[in-house]
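As stored in input.txt (compact mmCIF, N, CA and C atoms):
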# COMPACT_ATOMS: atom_id res chain seq x y z
N MET A 1 154.99 -17.46 -36.35
CA MET A 1 156.40 -17.79 -36.28
C MET A 1 157.05 -16.87 -35.26
N GLU A 2 157.82 -17.45 -34.39
CA GLU A 2 158.57 -16.65 -33.44
C GLU A 2 159.89 -16.23 -34.07
N LEU A 3 160.12 -14.94 -34.11
CA LEU A 3 161.36 -14.40 -34.67
C LEU A 3 162.28 -13.98 -33.53
N ILE A 4 163.57 -14.18 -33.76
CA ILE A 4 164.55 -13.73 -32.77
C ILE A 4 165.49 -12.72 -33.42
N ASN A 5 166.03 -11.86 -32.59
CA ASN A 5 166.98 -10.85 -33.03
C ASN A 5 168.37 -11.48 -32.98
N ARG A 6 169.05 -11.52 -34.10
CA ARG A 6 170.39 -12.10 -34.16
C ARG A 6 171.50 -11.07 -34.14
N SER A 7 171.22 -9.85 -34.56
CA SER A 7 172.28 -8.84 -34.59
C SER A 7 171.69 -7.46 -34.84
N ILE A 8 172.45 -6.45 -34.44
CA ILE A 8 172.13 -5.07 -34.77
C ILE A 8 173.44 -4.39 -35.13
N GLN A 9 173.46 -3.78 -36.30
CA GLN A 9 174.66 -3.09 -36.79
C GLN A 9 174.30 -1.64 -37.09
N TYR A 10 175.02 -0.75 -36.48
CA TYR A 10 174.78 0.68 -36.67
C TYR A 10 175.76 1.22 -37.72
N THR A 11 175.27 2.05 -38.63
CA THR A 11 176.13 2.77 -39.57
C THR A 11 176.13 4.23 -39.15
N LEU A 12 177.33 4.73 -38.83
CA LEU A 12 177.46 6.09 -38.32
C LEU A 12 177.89 7.05 -39.41
N SER A 13 177.40 8.27 -39.31
CA SER A 13 177.76 9.33 -40.25
C SER A 13 179.21 9.73 -40.01
N PRO A 14 180.02 9.82 -41.07
CA PRO A 14 181.40 10.25 -40.89
C PRO A 14 181.51 11.74 -40.54
N GLU A 15 180.45 12.50 -40.83
CA GLU A 15 180.49 13.93 -40.55
C GLU A 15 180.29 14.25 -39.07
N ASN A 16 179.29 13.61 -38.45
CA ASN A 16 178.98 14.01 -37.07
C ASN A 16 178.82 12.83 -36.11
N GLY A 17 178.98 11.61 -36.57
CA GLY A 17 178.89 10.46 -35.69
C GLY A 17 177.49 10.01 -35.33
N SER A 18 176.46 10.65 -35.89
CA SER A 18 175.09 10.21 -35.62
C SER A 18 174.81 8.95 -36.44
N THR A 19 173.80 8.22 -36.04
CA THR A 19 173.46 6.98 -36.72
C THR A 19 172.68 7.27 -38.00
N ASP A 20 173.19 6.79 -39.15
CA ASP A 20 172.52 6.98 -40.44
C ASP A 20 171.45 5.91 -40.68
N ASN A 21 171.77 4.66 -40.34
CA ASN A 21 170.83 3.56 -40.50
C ASN A 21 171.27 2.41 -39.62
N VAL A 22 170.39 1.42 -39.51
CA VAL A 22 170.65 0.25 -38.69
C VAL A 22 170.27 -0.98 -39.50
N ILE A 23 171.11 -2.01 -39.44
CA ILE A 23 170.79 -3.31 -40.05
C ILE A 23 170.48 -4.26 -38.90
N VAL A 24 169.28 -4.84 -38.92
CA VAL A 24 168.85 -5.73 -37.85
C VAL A 24 168.74 -7.15 -38.42
N GLY A 25 169.40 -8.10 -37.78
CA GLY A 25 169.36 -9.50 -38.18
C GLY A 25 168.22 -10.22 -37.48
N VAL A 26 167.45 -10.98 -38.26
CA VAL A 26 166.26 -11.68 -37.78
C VAL A 26 166.33 -13.14 -38.22
N TYR A 27 165.87 -14.05 -37.34
CA TYR A 27 165.82 -15.47 -37.69
C TYR A 27 164.54 -16.07 -37.12
N GLY A 28 163.94 -16.98 -37.88
CA GLY A 28 162.79 -17.72 -37.40
C GLY A 28 162.66 -19.03 -38.13
N LYS A 29 162.04 -20.01 -37.47
CA LYS A 29 161.88 -21.33 -38.08
C LYS A 29 160.61 -21.99 -37.55
N THR A 30 159.86 -22.60 -38.48
CA THR A 30 158.73 -23.44 -38.15
C THR A 30 158.96 -24.79 -38.83
N ASP A 31 157.95 -25.65 -38.79
CA ASP A 31 158.09 -26.96 -39.46
C ASP A 31 158.32 -26.83 -40.95
N ASN A 32 157.72 -25.80 -41.58
CA ASN A 32 157.83 -25.71 -43.03
C ASN A 32 158.47 -24.42 -43.55
N LEU A 33 158.92 -23.54 -42.67
CA LEU A 33 159.59 -22.30 -43.09
C LEU A 33 160.84 -22.06 -42.25
N GLU A 34 161.85 -21.52 -42.92
CA GLU A 34 163.03 -21.03 -42.20
C GLU A 34 163.44 -19.73 -42.87
N ILE A 35 163.54 -18.68 -42.05
CA ILE A 35 163.85 -17.36 -42.59
C ILE A 35 165.05 -16.78 -41.85
N SER A 36 165.91 -16.19 -42.63
CA SER A 36 167.05 -15.46 -42.11
C SER A 36 167.09 -14.13 -42.87
N ALA A 37 167.13 -13.04 -42.14
CA ALA A 37 167.05 -11.74 -42.80
C ALA A 37 167.93 -10.72 -42.09
N ASN A 38 168.45 -9.81 -42.87
CA ASN A 38 169.12 -8.62 -42.38
C ASN A 38 168.41 -7.45 -43.04
N LEU A 39 167.63 -6.72 -42.25
CA LEU A 39 166.82 -5.64 -42.81
C LEU A 39 167.38 -4.29 -42.42
N LYS A 40 167.43 -3.43 -43.41
CA LYS A 40 167.95 -2.07 -43.20
C LYS A 40 166.80 -1.16 -42.76
N ILE A 41 167.00 -0.52 -41.63
CA ILE A 41 166.05 0.45 -41.10
C ILE A 41 166.65 1.83 -41.34
N VAL A 42 165.90 2.69 -42.00
CA VAL A 42 166.37 4.04 -42.31
C VAL A 42 165.52 5.07 -41.56
N ALA A 43 165.95 6.32 -41.59
CA ALA A 43 165.27 7.38 -40.84
C ALA A 43 163.79 7.47 -41.20
N ALA A 44 163.44 7.22 -42.45
CA ALA A 44 162.03 7.29 -42.88
C ALA A 44 161.16 6.24 -42.17
N ASP A 45 161.78 5.17 -41.64
CA ASP A 45 161.03 4.14 -40.91
C ASP A 45 160.71 4.56 -39.47
N LEU A 46 161.32 5.63 -39.01
CA LEU A 46 161.15 6.07 -37.63
C LEU A 46 159.98 7.06 -37.50
N GLU A 47 159.44 7.12 -36.29
CA GLU A 47 158.41 8.12 -36.02
C GLU A 47 159.03 9.51 -36.05
N SER A 48 158.22 10.49 -36.31
CA SER A 48 158.67 11.89 -36.35
C SER A 48 159.35 12.26 -35.03
N GLN A 49 160.41 13.03 -35.13
CA GLN A 49 161.17 13.52 -33.97
C GLN A 49 161.92 12.42 -33.22
N THR A 50 162.08 11.25 -33.84
CA THR A 50 162.80 10.13 -33.21
C THR A 50 164.08 9.88 -33.99
N THR A 51 165.15 9.61 -33.27
CA THR A 51 166.41 9.24 -33.92
C THR A 51 166.74 7.79 -33.54
N PHE A 52 167.67 7.21 -34.25
CA PHE A 52 168.09 5.84 -33.94
C PHE A 52 168.64 5.75 -32.52
N ASP A 53 169.31 6.78 -32.09
CA ASP A 53 169.92 6.77 -30.77
C ASP A 53 168.88 6.83 -29.65
N ASP A 54 167.63 7.15 -29.98
CA ASP A 54 166.55 7.16 -29.00
C ASP A 54 165.97 5.77 -28.76
N LEU A 55 166.28 4.82 -29.63
CA LEU A 55 165.61 3.53 -29.63
C LEU A 55 166.44 2.43 -28.98
N SER A 56 165.76 1.56 -28.25
CA SER A 56 166.40 0.40 -27.63
C SER A 56 166.52 -0.73 -28.66
N LYS A 57 167.23 -1.79 -28.30
CA LYS A 57 167.32 -2.97 -29.16
C LYS A 57 165.94 -3.54 -29.43
N LYS A 58 165.10 -3.59 -28.40
CA LYS A 58 163.74 -4.13 -28.56
C LYS A 58 162.93 -3.29 -29.53
N GLN A 59 163.06 -1.98 -29.46
CA GLN A 59 162.32 -1.11 -30.35
C GLN A 59 162.81 -1.25 -31.80
N LEU A 60 164.11 -1.37 -31.99
CA LEU A 60 164.65 -1.57 -33.34
C LEU A 60 164.19 -2.91 -33.91
N PHE A 61 164.18 -3.94 -33.08
CA PHE A 61 163.70 -5.25 -33.52
C PHE A 61 162.22 -5.19 -33.89
N ALA A 62 161.42 -4.49 -33.09
CA ALA A 62 159.99 -4.33 -33.39
C ALA A 62 159.77 -3.63 -34.73
N LEU A 63 160.57 -2.60 -35.02
CA LEU A 63 160.48 -1.92 -36.32
C LEU A 63 160.79 -2.89 -37.46
N THR A 64 161.77 -3.74 -37.25
CA THR A 64 162.18 -4.70 -38.27
C THR A 64 161.08 -5.72 -38.53
N VAL A 65 160.51 -6.25 -37.46
CA VAL A 65 159.44 -7.24 -37.59
C VAL A 65 158.24 -6.62 -38.30
N LYS A 66 157.98 -5.35 -38.04
CA LYS A 66 156.88 -4.64 -38.70
C LYS A 66 157.15 -4.46 -40.20
N LYS A 67 158.42 -4.28 -40.57
CA LYS A 67 158.80 -4.04 -41.96
C LYS A 67 158.84 -5.33 -42.79
N LEU A 68 159.11 -6.45 -42.15
CA LEU A 68 159.31 -7.72 -42.85
C LEU A 68 158.15 -8.17 -43.74
N PRO A 69 156.90 -8.18 -43.27
CA PRO A 69 155.81 -8.68 -44.12
C PRO A 69 155.67 -7.95 -45.46
N ALA A 70 155.99 -6.67 -45.51
CA ALA A 70 155.88 -5.92 -46.76
C ALA A 70 156.93 -6.36 -47.78
N LEU A 71 158.06 -6.87 -47.30
CA LEU A 71 159.12 -7.30 -48.21
C LEU A 71 158.93 -8.73 -48.72
N LEU A 72 158.26 -9.57 -47.95
CA LEU A 72 158.13 -10.99 -48.31
C LEU A 72 157.49 -11.24 -49.68
N PRO A 73 156.47 -10.49 -50.08
CA PRO A 73 155.89 -10.75 -51.41
C PRO A 73 156.85 -10.47 -52.57
N THR A 74 157.95 -9.78 -52.31
CA THR A 74 158.89 -9.45 -53.38
C THR A 74 160.04 -10.45 -53.49
N LEU A 75 159.97 -11.54 -52.74
CA LEU A 75 161.03 -12.55 -52.81
C LEU A 75 161.15 -13.13 -54.21
N ALA A 76 162.37 -13.43 -54.61
CA ALA A 76 162.63 -14.11 -55.88
C ALA A 76 162.83 -15.59 -55.57
N TYR A 77 162.19 -16.45 -56.33
CA TYR A 77 162.30 -17.90 -56.11
C TYR A 77 163.41 -18.43 -57.00
N THR A 78 164.48 -18.86 -56.38
CA THR A 78 165.68 -19.20 -57.11
C THR A 78 165.79 -20.68 -57.46
N ASN A 79 165.12 -21.53 -56.69
CA ASN A 79 165.33 -22.95 -56.87
C ASN A 79 164.28 -23.71 -56.07
N TYR A 80 163.89 -24.87 -56.55
CA TYR A 80 163.14 -25.78 -55.70
C TYR A 80 163.59 -27.20 -56.01
N GLN A 81 163.54 -28.02 -54.97
CA GLN A 81 164.10 -29.36 -55.04
C GLN A 81 163.08 -30.36 -54.50
N PHE A 82 162.83 -31.42 -55.29
CA PHE A 82 161.93 -32.48 -54.85
C PHE A 82 162.66 -33.50 -53.99
N PHE A 83 161.94 -34.06 -53.02
CA PHE A 83 162.42 -35.19 -52.25
C PHE A 83 161.54 -36.38 -52.62
N VAL A 84 162.18 -37.44 -53.03
CA VAL A 84 161.49 -38.59 -53.60
C VAL A 84 161.61 -39.79 -52.67
N GLN A 85 160.49 -40.51 -52.52
CA GLN A 85 160.47 -41.75 -51.74
C GLN A 85 159.76 -42.80 -52.57
N ASN A 86 160.42 -43.94 -52.78
CA ASN A 86 159.86 -45.01 -53.62
C ASN A 86 159.47 -44.49 -55.00
N ASP A 87 160.34 -43.72 -55.61
CA ASP A 87 160.16 -43.14 -56.94
C ASP A 87 158.99 -42.16 -57.06
N THR A 88 158.51 -41.65 -55.93
CA THR A 88 157.40 -40.70 -55.94
C THR A 88 157.79 -39.45 -55.14
N PRO A 89 157.62 -38.26 -55.74
CA PRO A 89 157.89 -37.03 -54.98
C PRO A 89 156.95 -36.94 -53.78
N VAL A 90 157.50 -36.69 -52.60
CA VAL A 90 156.69 -36.60 -51.39
C VAL A 90 156.68 -35.18 -50.81
N ARG A 91 157.70 -34.40 -51.12
CA ARG A 91 157.75 -33.02 -50.66
C ARG A 91 158.78 -32.28 -51.50
N LEU A 92 158.78 -30.98 -51.36
CA LEU A 92 159.80 -30.19 -52.04
C LEU A 92 160.18 -29.02 -51.15
N THR A 93 161.37 -28.53 -51.36
CA THR A 93 161.84 -27.35 -50.65
C THR A 93 162.10 -26.26 -51.68
N ALA A 94 161.50 -25.12 -51.44
CA ALA A 94 161.68 -23.95 -52.31
C ALA A 94 162.61 -22.98 -51.62
N TYR A 95 163.53 -22.43 -52.38
CA TYR A 95 164.49 -21.47 -51.86
C TYR A 95 164.20 -20.11 -52.48
N SER A 96 164.12 -19.11 -51.64
CA SER A 96 163.78 -17.76 -52.08
C SER A 96 164.75 -16.79 -51.45
N ASP A 97 164.96 -15.68 -52.14
CA ASP A 97 165.80 -14.65 -51.54
C ASP A 97 165.42 -13.28 -52.06
N LEU A 98 165.96 -12.28 -51.38
CA LEU A 98 165.72 -10.89 -51.74
C LEU A 98 166.95 -10.09 -51.35
N SER A 99 167.37 -9.25 -52.24
CA SER A 99 168.41 -8.27 -51.95
C SER A 99 167.88 -6.94 -52.45
N ASN A 100 167.58 -6.03 -51.50
CA ASN A 100 166.88 -4.81 -51.87
C ASN A 100 167.34 -3.65 -50.98
N ASN A 101 168.08 -2.73 -51.54
CA ASN A 101 168.47 -1.51 -50.82
C ASN A 101 169.07 -1.77 -49.44
N GLY A 102 169.95 -2.75 -49.35
CA GLY A 102 170.60 -3.04 -48.09
C GLY A 102 169.90 -4.05 -47.22
N SER A 103 168.73 -4.52 -47.63
CA SER A 103 168.02 -5.57 -46.91
C SER A 103 168.21 -6.89 -47.65
N TYR A 104 168.43 -7.95 -46.88
CA TYR A 104 168.64 -9.27 -47.46
C TYR A 104 167.76 -10.27 -46.72
N ILE A 105 167.06 -11.09 -47.49
CA ILE A 105 166.20 -12.12 -46.91
C ILE A 105 166.50 -13.43 -47.61
N SER A 106 166.61 -14.49 -46.84
CA SER A 106 166.75 -15.84 -47.37
C SER A 106 165.66 -16.69 -46.72
N LEU A 107 164.90 -17.40 -47.54
CA LEU A 107 163.77 -18.18 -47.05
C LEU A 107 163.80 -19.56 -47.68
N SER A 108 163.62 -20.58 -46.87
CA SER A 108 163.41 -21.92 -47.42
C SER A 108 162.06 -22.41 -46.92
N SER A 109 161.30 -23.00 -47.82
CA SER A 109 159.94 -23.44 -47.53
C SER A 109 159.80 -24.90 -47.91
N THR A 110 159.37 -25.73 -46.99
CA THR A 110 159.16 -27.15 -47.27
C THR A 110 157.68 -27.38 -47.49
N LEU A 111 157.33 -27.91 -48.65
CA LEU A 111 155.94 -28.11 -49.05
C LEU A 111 155.68 -29.58 -49.30
N ASP A 112 154.44 -30.00 -49.06
CA ASP A 112 154.06 -31.37 -49.40
C ASP A 112 152.73 -31.34 -50.17
N GLN A 113 152.16 -32.50 -50.42
CA GLN A 113 150.95 -32.58 -51.25
C GLN A 113 149.82 -31.72 -50.68
N SER A 114 149.74 -31.57 -49.37
CA SER A 114 148.66 -30.78 -48.77
C SER A 114 148.72 -29.30 -49.16
N ASP A 115 149.87 -28.85 -49.64
CA ASP A 115 150.01 -27.46 -50.07
C ASP A 115 149.55 -27.23 -51.50
N PHE A 116 149.22 -28.32 -52.21
CA PHE A 116 148.79 -28.23 -53.61
C PHE A 116 147.47 -28.97 -53.74
N THR A 117 146.38 -28.25 -53.65
CA THR A 117 145.06 -28.88 -53.63
C THR A 117 144.54 -29.25 -55.01
N ASP A 118 145.04 -28.58 -56.05
CA ASP A 118 144.45 -28.79 -57.38
C ASP A 118 145.30 -29.63 -58.32
N LYS A 119 146.46 -30.12 -57.86
CA LYS A 119 147.27 -30.98 -58.72
C LYS A 119 148.23 -31.81 -57.89
N ALA A 120 148.71 -32.87 -58.50
CA ALA A 120 149.66 -33.75 -57.83
C ALA A 120 151.00 -33.06 -57.68
N ILE A 121 151.68 -33.33 -56.58
CA ILE A 121 152.94 -32.65 -56.29
C ILE A 121 153.96 -32.86 -57.39
N GLU A 122 153.96 -34.01 -58.06
CA GLU A 122 154.95 -34.26 -59.10
C GLU A 122 154.72 -33.42 -60.36
N SER A 123 153.56 -32.78 -60.46
CA SER A 123 153.30 -31.97 -61.64
C SER A 123 153.29 -30.46 -61.36
N VAL A 124 153.69 -30.06 -60.15
CA VAL A 124 153.69 -28.63 -59.85
C VAL A 124 154.85 -27.94 -60.57
N GLY A 125 154.63 -26.67 -60.86
CA GLY A 125 155.65 -25.86 -61.51
C GLY A 125 155.97 -24.63 -60.67
N TYR A 126 156.76 -23.77 -61.25
CA TYR A 126 157.25 -22.57 -60.58
C TYR A 126 156.12 -21.73 -59.97
N GLU A 127 155.10 -21.44 -60.75
CA GLU A 127 154.00 -20.60 -60.27
C GLU A 127 153.22 -21.27 -59.15
N ASP A 128 153.08 -22.60 -59.21
CA ASP A 128 152.40 -23.34 -58.15
C ASP A 128 153.17 -23.23 -56.84
N VAL A 129 154.48 -23.39 -56.93
CA VAL A 129 155.34 -23.30 -55.75
C VAL A 129 155.27 -21.90 -55.17
N LYS A 130 155.39 -20.92 -56.02
CA LYS A 130 155.34 -19.52 -55.60
C LYS A 130 154.02 -19.20 -54.88
N SER A 131 152.92 -19.67 -55.42
CA SER A 131 151.61 -19.45 -54.83
C SER A 131 151.47 -20.15 -53.47
N ALA A 132 151.96 -21.38 -53.37
CA ALA A 132 151.87 -22.12 -52.11
C ALA A 132 152.69 -21.43 -51.02
N VAL A 133 153.89 -20.97 -51.36
CA VAL A 133 154.73 -20.27 -50.38
C VAL A 133 154.05 -18.96 -49.96
N LYS A 134 153.47 -18.26 -50.91
CA LYS A 134 152.77 -17.01 -50.60
C LYS A 134 151.64 -17.25 -49.61
N THR A 135 150.91 -18.34 -49.78
CA THR A 135 149.82 -18.68 -48.86
C THR A 135 150.35 -18.92 -47.45
N ILE A 136 151.43 -19.68 -47.34
CA ILE A 136 152.02 -19.96 -46.03
C ILE A 136 152.52 -18.67 -45.38
N LEU A 137 153.20 -17.84 -46.17
CA LEU A 137 153.72 -16.58 -45.64
C LEU A 137 152.60 -15.66 -45.15
N SER A 138 151.48 -15.64 -45.87
CA SER A 138 150.38 -14.77 -45.46
C SER A 138 149.77 -15.25 -44.15
N GLN A 139 149.86 -16.54 -43.86
CA GLN A 139 149.37 -17.07 -42.58
C GLN A 139 150.36 -16.76 -41.45
N GLU A 140 151.64 -16.87 -41.73
CA GLU A 140 152.68 -16.63 -40.72
C GLU A 140 152.91 -15.14 -40.47
N PHE A 141 152.78 -14.33 -41.52
CA PHE A 141 153.07 -12.90 -41.43
C PHE A 141 151.90 -12.09 -41.99
N PRO A 142 150.79 -12.05 -41.28
CA PRO A 142 149.66 -11.26 -41.77
C PRO A 142 150.05 -9.79 -41.88
N THR A 143 149.55 -9.13 -42.90
CA THR A 143 149.92 -7.72 -43.15
C THR A 143 148.99 -6.75 -42.44
N SER A 144 147.90 -7.24 -41.89
CA SER A 144 146.99 -6.31 -41.20
C SER A 144 147.03 -6.52 -39.71

Mind turning the file's structure into structure tokens?
Amino acid sequence: MELINRSIQYTLSPENGSTDNVIVGVYGKTDNLEISANLKIVAADLESQTTFDDLSKKQLFALTVKKLPALLPTLAYTNYQFFVQNDTPVRLTAYSDLSNNGSYISLSSTLDQSDFTDKAIESVGYEDVKSAVKTILSQEFPTS
């Protein structure tokens, strides 16, 4: 998945004006996934002896993209909706989100029968949907 940088927001220290943290906005879309995220980058995410003010927009975006895969497995699945054709479910869209220490992720995943190999799409449940989305995410965002 190609991700784009949508925004960068700096939070400055009221004491000395140095950058305390950065929120980086990320967006990406494929045929079956759409992700929108604002991830908080803190000093612990930086290399030793590096400050936020040393980093370019590209470097901050790279840090964010590196951090994203670790957060995806912690998404909460809030809802899924079936799309029916001729009284038969043909696909579903699962909605997931995360709000964690200043980072926010919103994900929608469109799944069809090919994503469920062991049961019919009309009989899938929450855990089936969660597992199918996890499989797609692991392909799009490998952790190694």

Subject >> d(atom N of Leu39 (chain A), atom C of Lys130 (chain A)) in Å >> reply: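 Here the two named atoms are 22.4 Å from each other.
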
Original post:
Taking only N, CA and C atoms into account, which of A:Phe52, A:Asp45, A:Asp115, A:Phe61 comes nearest Val24 (chain A)?
Top reply: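 Among A:Phe52, A:Asp45, A:Asp115, A:Phe61, it is A:Phe61 that comes nearest to Val24 (chain A).
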
Using all atoms listed in the file, which protein or nucleic acid residues come within 8 Å of Thr74 (chain A)? Drop anything in the same chain fewer than 6 positions from it, and give the result as a PDB file with N, CA and C atoms, in the frame of the given file.
ATOM      1  N   ASP A  97     164.960 -15.680 -52.140  1.00  0.00           N
ATOM      2  CA  ASP A  97     165.800 -14.650 -51.540  1.00  0.00           C
ATOM      3  C   ASP A  97     165.420 -13.280 -52.060  1.00  0.00           C
ATOM      4  N   LEU A  98     165.960 -12.280 -51.380  1.00  0.00           N
ATOM      5  CA  LEU A  98     165.720 -10.890 -51.740  1.00  0.00           C
ATOM      6  C   LEU A  98     166.950 -10.090 -51.350  1.00  0.00           C
ATOM      7  N   SER A  99     167.370  -9.250 -52.240  1.00  0.00           N
ATOM      8  CA  SER A  99     168.410  -8.270 -51.950  1.00  0.00           C
ATOM      9  C   SER A  99     167.880  -6.940 -52.450  1.00  0.00           C
TER      10      SER A  99
END

Original post:
So how far away is CA of Asp31 (chain A) from CA of Asp87 (chain A), in Å?
Top reply: 23.9 Å

Subject >> Residue contacts of Val65 (chain A) (8 Å, all atoms listed in the file) excluding same-chain residues fewer than 5 positions away, as a list in words >> reply: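 The contact residues come out as Leu3, Val26, Gln59, Leu60 and Ala70 of chain A.
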
Selected residues written out, N, CA and C atoms, as a PDB file, in the coordinates of the input:
ATOM      1  N   LEU A   3     160.120 -14.940 -34.110  1.00  0.00           N
ATOM      2  CA  LEU A   3     161.360 -14.400 -34.670  1.00  0.00           C
ATOM      3  C   LEU A   3     162.280 -13.980 -33.530  1.00  0.00           C
ATOM      4  N   VAL A  26     167.450 -10.980 -38.260  1.00  0.00           N
ATOM      5  CA  VAL A  26     166.260 -11.680 -37.780  1.00  0.00           C
ATOM      6  C   VAL A  26     166.330 -13.140 -38.220  1.00  0.00           C
ATOM      7  N   GLN A  59     163.060  -1.980 -29.460  1.00  0.00           N
ATOM      8  CA  GLN A  59     162.320  -1.110 -30.350  1.00  0.00           C
ATOM      9  C   GLN A  59     162.810  -1.250 -31.800  1.00  0.00           C
ATOM     10  N   LEU A  60     164.110  -1.370 -31.990  1.00  0.00           N
ATOM     11  CA  LEU A  60     164.650  -1.570 -33.340  1.00  0.00           C
ATOM     12  C   LEU A  60     164.190  -2.910 -33.910  1.00  0.00           C
ATOM     13  N   ALA A  70     155.990  -6.670 -45.510  1.00  0.00           N
ATOM     14  CA  ALA A  70     155.880  -5.920 -46.760  1.00  0.00           C
ATOM     15  C   ALA A  70     156.930  -6.360 -47.780  1.00  0.00           C
TER      16      ALA A  70
END

Original post:
Do you have the atom N of Thr117 (chain A)-atom N of Asn86 (chain A) distance handy?
Top reply: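 The value is 21.1 Å.
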
Give me the box for region 92-109 of chain A as AutoDock Vina command-line options, namely the centre and edge lengths in Å to one decimal of a box along x, y and z that holds every listed atom plus 8 Å on each side.
--center_x 164.7 --center_y -16.2 --center_z -49.6 --size_x 27.8 --size_y 45.5 --size_z 21.8

**OP:** Name all residues at most 7 Å from Val42 (chain A) (count all atoms listed in the file; drop same-chain ones fewer than 3 positions away) and give them as a list in words.
**Re:** Asp20, Asn21, Val22, Asp45 and Leu46 of chain A

Subject >> Picked from chain A by DSSP as strand (DSSP E or B), as number ranges by chain >> reply: A: 3-12, 19-29, 33-42, 76-85, 88-100, 103-112

Subject >> Nearest residue to Gln9 (chain A) from the set A:Ile23, A:Val84, A:Leu72, A:Leu63 (distances using only C-alpha atoms) >> reply: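 Nearest to Gln9 (chain A): A:Ile23.
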
Please return as a compact mmCIF listing (two decimals) with N, CA and C atoms, in the frame of the given file: the residues of chain A that backbone DSSP assigns to alpha helix (DSSP H).
# COMPACT_ATOMS: atom_id res chain seq x y z
N LYS A 57 167.23 -1.79 -28.30
CA LYS A 57 167.32 -2.97 -29.16
C LYS A 57 165.94 -3.54 -29.43
N LYS A 58 165.10 -3.59 -28.40
CA LYS A 58 163.74 -4.13 -28.56
C LYS A 58 162.93 -3.29 -29.53
N GLN A 59 163.06 -1.98 -29.46
CA GLN A 59 162.32 -1.11 -30.35
C GLN A 59 162.81 -1.25 -31.80
N LEU A 60 164.11 -1.37 -31.99
CA LEU A 60 164.65 -1.57 -33.34
C LEU A 60 164.19 -2.91 -33.91
N PHE A 61 164.18 -3.94 -33.08
CA PHE A 61 163.70 -5.25 -33.52
C PHE A 61 162.22 -5.19 -33.89
N ALA A 62 161.42 -4.49 -33.09
CA ALA A 62 159.99 -4.33 -33.39
C ALA A 62 159.77 -3.63 -34.73
N LEU A 63 160.57 -2.60 -35.02
CA LEU A 63 160.48 -1.92 -36.32
C LEU A 63 160.79 -2.89 -37.46
N THR A 64 161.77 -3.74 -37.25
CA THR A 64 162.18 -4.70 -38.27
C THR A 64 161.08 -5.72 -38.53
N VAL A 65 160.51 -6.25 -37.46
CA VAL A 65 159.44 -7.24 -37.59
C VAL A 65 158.24 -6.62 -38.30
N LYS A 66 157.98 -5.35 -38.04
CA LYS A 66 156.88 -4.64 -38.70
C LYS A 66 157.15 -4.46 -40.20
N LYS A 67 158.42 -4.28 -40.57
CA LYS A 67 158.80 -4.04 -41.96
C LYS A 67 158.84 -5.33 -42.79
N LEU A 68 159.11 -6.45 -42.15
CA LEU A 68 159.31 -7.72 -42.85
C LEU A 68 158.15 -8.17 -43.74
N PRO A 69 156.90 -8.18 -43.27
CA PRO A 69 155.81 -8.68 -44.12
C PRO A 69 155.67 -7.95 -45.46
N ALA A 70 155.99 -6.67 -45.51
CA ALA A 70 155.88 -5.92 -46.76
C ALA A 70 156.93 -6.36 -47.78
N LEU A 71 158.06 -6.87 -47.30
CA LEU A 71 159.12 -7.30 -48.21
C LEU A 71 158.93 -8.73 -48.72
N TYR A 126 156.76 -23.77 -61.25
CA TYR A 126 157.25 -22.57 -60.58
C TYR A 126 156.12 -21.73 -59.97
N GLU A 127 155.10 -21.44 -60.75
CA GLU A 127 154.00 -20.60 -60.27
C GLU A 127 153.22 -21.27 -59.15
N ASP A 128 153.08 -22.60 -59.21
CA ASP A 128 152.40 -23.34 -58.15
C ASP A 128 153.17 -23.23 -56.84
N VAL A 129 154.48 -23.39 -56.93
CA VAL A 129 155.34 -23.30 -55.75
C VAL A 129 155.27 -21.90 -55.17
N LYS A 130 155.39 -20.92 -56.02
CA LYS A 130 155.34 -19.52 -55.60
C LYS A 130 154.02 -19.20 -54.88
N SER A 131 152.92 -19.67 -55.42
CA SER A 131 151.61 -19.45 -54.83
C SER A 131 151.47 -20.15 -53.47
N ALA A 132 151.96 -21.38 -53.37
CA ALA A 132 151.87 -22.12 -52.11
C ALA A 132 152.69 -21.43 -51.02
N VAL A 133 153.89 -20.97 -51.36
CA VAL A 133 154.73 -20.27 -50.38
C VAL A 133 154.05 -18.96 -49.96
N LYS A 134 153.47 -18.26 -50.91
CA LYS A 134 152.77 -17.01 -50.60
C LYS A 134 151.64 -17.25 -49.61
N THR A 135 150.91 -18.34 -49.78
CA THR A 135 149.82 -18.68 -48.86
C THR A 135 150.35 -18.92 -47.45
N ILE A 136 151.43 -19.68 -47.34
CA ILE A 136 152.02 -19.96 -46.03
C ILE A 136 152.52 -18.67 -45.38
N LEU A 137 153.20 -17.84 -46.17
CA LEU A 137 153.72 -16.58 -45.64
C LEU A 137 152.60 -15.66 -45.15
N SER A 138 151.48 -15.64 -45.87
CA SER A 138 150.38 -14.77 -45.46
C SER A 138 149.77 -15.25 -44.15
N GLN A 139 149.86 -16.54 -43.86
CA GLN A 139 149.37 -17.07 -42.58
C GLN A 139 150.36 -16.76 -41.45
N GLU A 140 151.64 -16.87 -41.73
CA GLU A 140 152.68 -16.63 -40.72
C GLU A 140 152.91 -15.14 -40.47

**OP:** May I ask which of the residues A:Leu71, A:Met1, A:Ala132, A:Ile8 is the closest one to Thr93 (chain A), counting only C-alpha atoms?
**Re:** A:Ala132

Subject >> Shortest interatomic distance to Ser114 (chain A) - which of A:Ser56, A:Ser7, A:Asn32, A:Ser18, counting only C-alpha atoms >> reply: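 Between A:Ser56, A:Ser7, A:Asn32, A:Ser18, the residue approaching Ser114 (chain A) most closely is A:Asn32.
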
Original post:
Which residue, A:Asn101, A:Pro69, A:Ala120, A:Leu75, has the smallest gap to Pro89 (chain A) when you use only C-alpha atoms?
Top reply: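 Looking at the shortest contact to Pro89 (chain A), the residue is A:Ala120.
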
Quick one: region 133-140 of chain A with C-alpha atoms, as an mmCIF file, in the first residue's frame?
data_model
loop_
_atom_site.group_PDB
_atom_site.id
_atom_site.type_symbol
_atom_site.label_atom_id
_atom_site.label_comp_id
_atom_site.auth_asym_id
_atom_site.auth_seq_id
_atom_site.Cartn_x
_atom_site.Cartn_y
_atom_site.Cartn_z
ATOM 1 C CA VAL A 133 -8.438 -8.255 8.271
ATOM 2 C CA LYS A 134 -5.323 -9.284 10.211
ATOM 3 C CA THR A 135 -4.241 -11.464 7.276
ATOM 4 C CA ILE A 136 -4.672 -8.605 4.797
ATOM 5 C CA LEU A 137 -2.838 -6.171 7.073
ATOM 6 C CA SER A 138 0.086 -8.565 7.500
ATOM 7 C CA GLN A 139 0.427 -8.700 3.700
ATOM 8 C CA GLU A 140 0.195 -4.918 3.272
#
